[in-house]
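Chemist: Sharing a structure here in C-alpha cells format.
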2 protein chains.
Amino acid sequence: METRINLPQSEMPSAWYNVLPDLPTPLAPPRDPTTGEILTPDKLEPIFAKELIAQEMSAQRFIEIPEQVKDIYRLFRPTPLVRAKRLEEAIGSKCRIYYKNESVSPSGSHKTNTSVPQVFYNKREGVKRLSTETGAGQWGTALSFACSMFDMKCTVYMVKVSFEQKPYRKILINSYGGEIFPSPSDKTNAGRAMLAKDPDCKGSLGLAISEAVEDAASHDDTKYTLGSVLNHVLLHQSVVGLETEKQLAMIGEKPDYLVGCVGGGSNFGGLVLPFLPRKLNGENITFVAAEPKACPTLTRGAYRYDYGDMARLTPLMKMHTLGHAFMPAPIHAGGLRYHGEAPIVSNLMAEGLVDARAYYQNDCFEAAMLFLRTEGFLPAPETSHAIACAIDVAKNAKPGSTVVFLYSGHGLLDLASYDAYLRGELTNYELPQECIDEALSVCPTIAG
Amino acid sequence: METRINLPQSEMPSAWYNVLPDLPTPLAPPRDPTTGEILTPDKLEPIFAKELIAQEMSAQRFIEIPEQVKDIYRLFRPTPLVRAKRLEEAIGSKCRIYYKNESVSPSGSHKTNTSVPQVFYNKREGVKRLSTETGAGQWGTALSFACSMFDMKCTVYMVKVSFEQKPYRKILINSYGGEIFPSPSDKTNAGRAMLAKDPDCKGSLGLAISEAVEDAASHDDTKYTLGSVLNHVLLHQSVVGLETEKQLAMIGEKPDYLVGCVGGGSNFGGLVLPFLPRKLNGENITFVAAEPKACPTLTRGAYRYDYGDMARLTPLMKMHTLGHAFMPAPIHAGGLRYHGEAPIVSNLMAEGLVDARAYYQNDCFEAAMLFLRTEGFLPAPETSHAIACAIDVAKNAKPGSTVVFLYSGHGLLDLASYDAYLRGELTNYELPQECIDEALSVCPTIAG
C-alpha cells in the first residue's frame with residue numbers, strides 16, 4: 001500500500017474554490033475604519049491590487065488559476081498526502097491518520113499558495129514593489145520567494161523580537177532579493193513615532209502592519225499584501241483542500257475529521273472550505289480548528305466587528321476577536337499570535353460548523369516531538385497545534401475513522417524554539433479572562 | 001507536461017545495486033593500518049556491524065533491502081525527479097536539466113539512505129549505541145534521525161568550525177535524541193591530544209573520524225558508522241540512481257550527463273553507479289564529479305593507499321587523496337572538506353570513467369543563488385557544487401542533451417554561509433601545490 005499519495009501535475013486544480021456563494025449565512029460586509037460605513041471596493045485600491053479586491057468580494061464559485069501562477073505552483077505542487085502509520089502505531093490509534101504536507105514548498109509553508117498569485121496580479125497591474133509585515137517570518141519568506149519568481153521588489157517589516165530571535169529568516173529573505181526591516185523601523189511615521197516614544201520597543205504585529213500599510217499608501221509604485229485573514233487569501237489556499245479531496249478519492253477514503261491550526265485562519269480555511277458543500281449536503285465531516293490557549297480567538301473571543309490591526313488602519317471586519325489592542329503572550333507559534341480570525345472561518349464557527357479546541361504550548365511541542373520521532377519531520381511550532389489536535393481527535397474518534405490534518409510548515413528555521421522546549425524553558429500560558437474583557441472593552445460597537 | 005516525476009512507492013527499488021562485480025578493474029583490497037597487510041573481515045568487527053562488513057566485500061550484484069528499512073524509506077521515498085525549466089531558461093540552455101531531489105528526506109539530505117540500513121543492521125546485531133563524525137552536519141543529522149526511528153543511542157562528533165557556524169544542527173540532533181560534541185573534544189584520546197597541541201583547533205573530518213572510531217572501539221555496546229567513502233555506503237545510496245533510472249524511463253529520457261558533488265563520494269556514487277553497466281555497454285553517459293578547488297581530491301590528489309583519518313586508525317584504502325594529514329581551508333561546504341575519496345569512485349576515476357571538475361566557492365554560491373531565484377529552493381553549500389557543474393555542463397553540451405544532477409540537500413541550516421556570501425566575505429581558496437606535496441609526503445608507501 002502506498003503511504004505517500006502523489007497527485008500527478010495534470011490533476012493539479014485549475015481553479016480555486018470560492019466559498020462565499022456557498023456560505024449558509026452571507027458574510028457580514030467589511031466597514032470603513034473611520035466612519036463605520038459599509039466599505040466600497042474603491043476604498044481598498046490605494047493599498048490592494050484591483051483583481052484581489054474583486055476576488056475578495058466575488059460571487060463566482062470557481063476562479064481560474066492563471067497559467068503563470070500554475071507554472072510557479074508546479075515547482076512544488078501538488079504536495080503529497082501522507083499516511084502517518086508510525087504515528088498511528090505510537091498512539092495506539094484505530095484511526096487512519098493522514099497529513100497534507102505543505103512544508104515542501106520553497107518557503108517551507110502553505111503561505112506560498114497565496115504569495116504567488118498576489119505577486120502575479122500586482123505585477124500585472126503595474127505595481128513595482130510590495131510591502132508586508134511578518135511575525136514568525138513564514139509569510140515574509142513566502143512573499144519574498146514569490147517576488148523573486150516574478151522579478152518584483154519586496155519590503156518586509158518583521159516584528160523586532162522575532163527579527164532578533166530568528167536571524168535565518170532575514171538571510172533567507174535577503175537571499176530571495178527582498179529587503180527586511182525590524183519593526184518599529186525608521187522607515188515610516190508609525191515606526192518613527194514609536195521609536196521616539198520607546199527606542200527599545202520590540203514591536204508587535206499590529207505595528208508592523210501599520211508600517212507596511214503606510215509604506216504602500218505613501219508610494220505610488222507600491223501595494224500592500226496580507227498573508228492571512230482575508231477572503232482572497234483563503235480562496236488561494238483552497239488549492240490545498242481541492243488536492244486533498246482528489247488524493248483521498250484516489251485511495252477510496254472519505255474524511256471524517258479535517259484538522260488545521262488557526263492563526264488568521266488561512267491554512268485551516270484552505271483545507272476545509274472545499275469540503276463545505278459536502279458537509280452541508282449531509283456528509284459527516286467534522287472541521288476541527290486548533291489554536292493556542294495563549295491566544296484563544298475562536299474558543300474564547302467575541303464574534304463582533306473589530307479592526308485587523310492595533311493602529312486601527314484596516315477595515316472593520318466581523319470576526320472572532322480578542323480585541324485589536326490585545327497583546328498575546330510570547331509563545332513560539334508566532335503565526336498563531338493574532339487577535340482576530342478570518343471572517344469566513346468566524347462565520348462558519350458562528351454557524352456551528354467548526355469545532356474549535358485550544359492547546360497548551362508544551363503539549364504542542366510534545367506532539368511535535370512524537371511526530372518527529374515517528375514520522376521523522378520537524379514541524380513548525382504553529383503546525384504542532386494541528387498535530388496535537390489530530391492526536392487528540394484520533395484517540396477519541398470511532399475506530400476506523402479517517403483523520404486528515406494539515407502539516408502547514410516545517411520548523412527548520414524555528415529550531416531555537418525546540419532548544420527552549422528541550423531545556424524545559426517553555427511556559428504554558430493560559431489567558432486570564434480579565435485580559436480578554438479589557439481588550440474587548442475598547443472595540444467599536446457596530447450592530448450586525 | 002509533468003515537471004515533477006514521482007515514482008509510485010510500489011516501484012521503489014527492492015534491492016540495492018552493488019557495483020563491485022561490475023568494476024572493470026577489481027578494487028584494491030583495504031589493508032591493516034599498522035601492518036599494511038591485506039585486511040581480513042574480522043579485523044573490522046570491533047567497530048562495524050557484521051552485515052555491513054559482509055556488504056563491504058560482497059560479490060552479489062543486488063542486495064535485498066530489508067522490509068524494516070523500506071518502511072522508513074517510505075516516509076520520504078521515492079524522491080522526485082524534477083525538470084529545472086526555469087533554470088534552463090535563465091542560462092539560455094538548449095539542454096534539458098533535471099535534478100533528483102534528495103533534500104526532501106527528514107534530515108534534509110541523501111545521507112538518510114544509508115543511515116537507516118546502518119542503524120537497522122547494528123540494532124539487529126544487538127548494538128546499543130552508534131558513534132560517528134559529521135562535517136557540515138548532514139550525516140550526523142541523518143544518523144540521529146535513523147537512531148530515533150529504531151530507538152538506538154547516537155553520539156556525534158562534529159567538526160568544530162561547522163559546529164560553531166551551524167548551531168541549529170546541534171538542536172536538531174538533540175531533538176532526535178542524539179548527543180553531539182564539537183571535535184576536537186575532551187571525550188577521546190585523539191581529541192585531547194589535539195587540544196593539548198592546539199587548544200584553538202577548529203577540527204577536521206579526519207580528526208572527528210578518529211574520535212568516533214576510538215569511542216566505538218573503547219565501548220563494547222557501541223559501533224562506529226561512516227556516512228560516506230565505504231563500499232556499503234555507496235551500495236545503500238544506489239537507491240538514488242536506481243530510482244532516477246526508472247523516472248527517466250517513465251518520461252522516455254536517456255541521460256547524457258550525470259552530475260554530483262563529491263566529498264567522500266557517496267551521493268555521486270549513489271547517482272552514477274547504477275548506470276555503470278549501461279556506460280560499459282557502450283551508452284554515451286558522462287559521469288561528472290564536482291569538487292571544491294579548496295579540496296581537489298580527484299582533480300589534484302594522488303591515487304594511492306592512505307588512511308581514512310588523521311590518527312591513522314582506519315584501514316588503509318587505495319583512493320584519491322590529498323594526504324590524511326591535510327587540513328582543508330574552512331570553506332562552507334563542510335561535507336566536501338575530506339582528504340580522501342571513495343575507493344570505488346577513485347577506481348572509476350583511474351579507469352577514465354569519471355570526469356572530475358573543481359570549482360571556486362564563490363562560483364558555487366553564485367550558482368546556488370541562481371537556482372534559488374529560478375527553481376525556488378535553497379541548496380546546501382555542498383549541493384551548490386553540483387549545480388555550478390550542471391550549469392557548466394549544460395552550457396557546453398550538445399543542444400538537446402539531458403543533464404541530470406543530484407540535489408543532495410537543502411541549505412536551510414546553512415544560512416549563515418549565505419549571509420557571508422551576500423556580504424561578499426567569502427574567499428576563493430585554491431590549494432597551493434606545496435600543501436598537497438607536504439601532506440602526501442607523510443603517506444605510507446604501499447605498492448598496489
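The way I read the labels, and the way they are meant: chains A, B, ... in the order of the C-alpha cells, residue 1 as the first residue of every chain, and ligand 1 as the first ligand shown, with later ones counted on from there.
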Using only C-alpha atoms, find each residue of stretch 328-373 of chain B with at least one atom at most 9 Å away from an atom of stretch 415-418 of chain B; report its shortest atom-to-atom pair and that distance in Å (one decimal), sort the rows by chain and rising residue number, and return the result as a tab-separated table.
Modeler:
residue	atom	partner	partner_atom	distance
B:His332	CA	B:Ser417	CA	6.1
B:Ala333	CA	B:Ser417	CA	8.8
B:Phe365	CA	B:Tyr418	CA	7.6
B:Met369	CA	B:Tyr418	CA	8.9
Chemist: May I have the residues from that selection written out with C-alpha atoms, as a CSV table (one decimal), in the first residue's frame?
Modeler:
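Listed below is the output, selection-v5.csv:
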chain,number,residue,atom,x,y,z
B,332,HIS,CA,31.3,26.5,3.8
B,333,ALA,CA,30.7,23.2,2.0
B,365,PHE,CA,27.3,30.2,-4.2
B,369,MET,CA,21.6,31.9,-5.9
Chemist: I need the contact residues of chain A against chain B, so if you could list those with any atom within 9 Å, counting only C-alpha atoms, and return them as an MDAnalysis selection string, that would help.
Modeler: chainID A and resid 1:10 72 74:77 82:84 104:107 145:146 148:149 167:169 171:172 174:177 369 372:378 412:416 418:419 422
Chemist: Quick check for you: according to DSSP on this backbone, which residues of stretch 3-231 of chain A are classed as alpha helix (DSSP H)? Reply as a PyMOL selection string.
Modeler: chain A and resi 50-56+67-73+85-90+112-124+138-149+160-165+167-175+189-197+205-217+231
Chemist: So that I can see what lies close to B:Pro29, please list as a count of residues only the residues with an atom at most 9 Å from it, counting only C-alpha atoms and leaving out residues fewer than 4 positions away in the same chain.
Modeler: 5
Chemist: What parts of stretch 291-433 of chain A does DSSP call strand (DSSP E or B)? I'd like the answer as a PyMOL selection string.
Modeler: chain A and resi 291-292+302-307+316-321+355-359+379+402-407+409-410
Chemist: I'd like to know which of B:Asp306, B:Glu133, B:Asp200, B:Glu51 is closest to B:Ala439, using only C-alpha atoms.
Modeler: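 Of all the options, B:Asp306 lies closest to B:Ala439.
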Chemist: List the spatial neighbours of B:Val116 as a PyMOL selection string - criterion: any atom at most 8 Å away, only C-alpha atoms, same-chain residues fewer than 2 positions off excluded.
Modeler: chain B and resi 69+72-73+112-114+118-120+143+146-147
Chemist: Find the residues around A:Val354 up to 7 Å (only C-alpha atoms counted), leave out those fewer than 6 positions away in its own chain, and share them as a list in words.
Modeler: Phe287, Val288, Ala289 and Leu348 of chain A
Chemist: For B:Thr222, find every residue with an atom within 8 Å (counting only C-alpha atoms), except residues of its own chain fewer than 5 positions away, and show them as JSON, numbers by chain.
Modeler: {"B": [47, 127, 128, 129, 130, 131, 215, 216, 217]}
Chemist: Quick one: residues within 9 Å of stretch 235-249 of chain B, only C-alpha atoms counted, chain neighbours fewer than 5 positions away excluded, as a VMD selection string?
Modeler: chain B and resid 5 to 7 11 to 19 55 to 56 63 65 78 to 81 100 102 110 to 115 117 230 254 to 255 266 to 275 404 406
Chemist: To one decimal place, how far is atom CA of B:Pro46 from atom CA of B:Met310 in Å?
Modeler: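 Distance between the two atoms: 19.4 Å.
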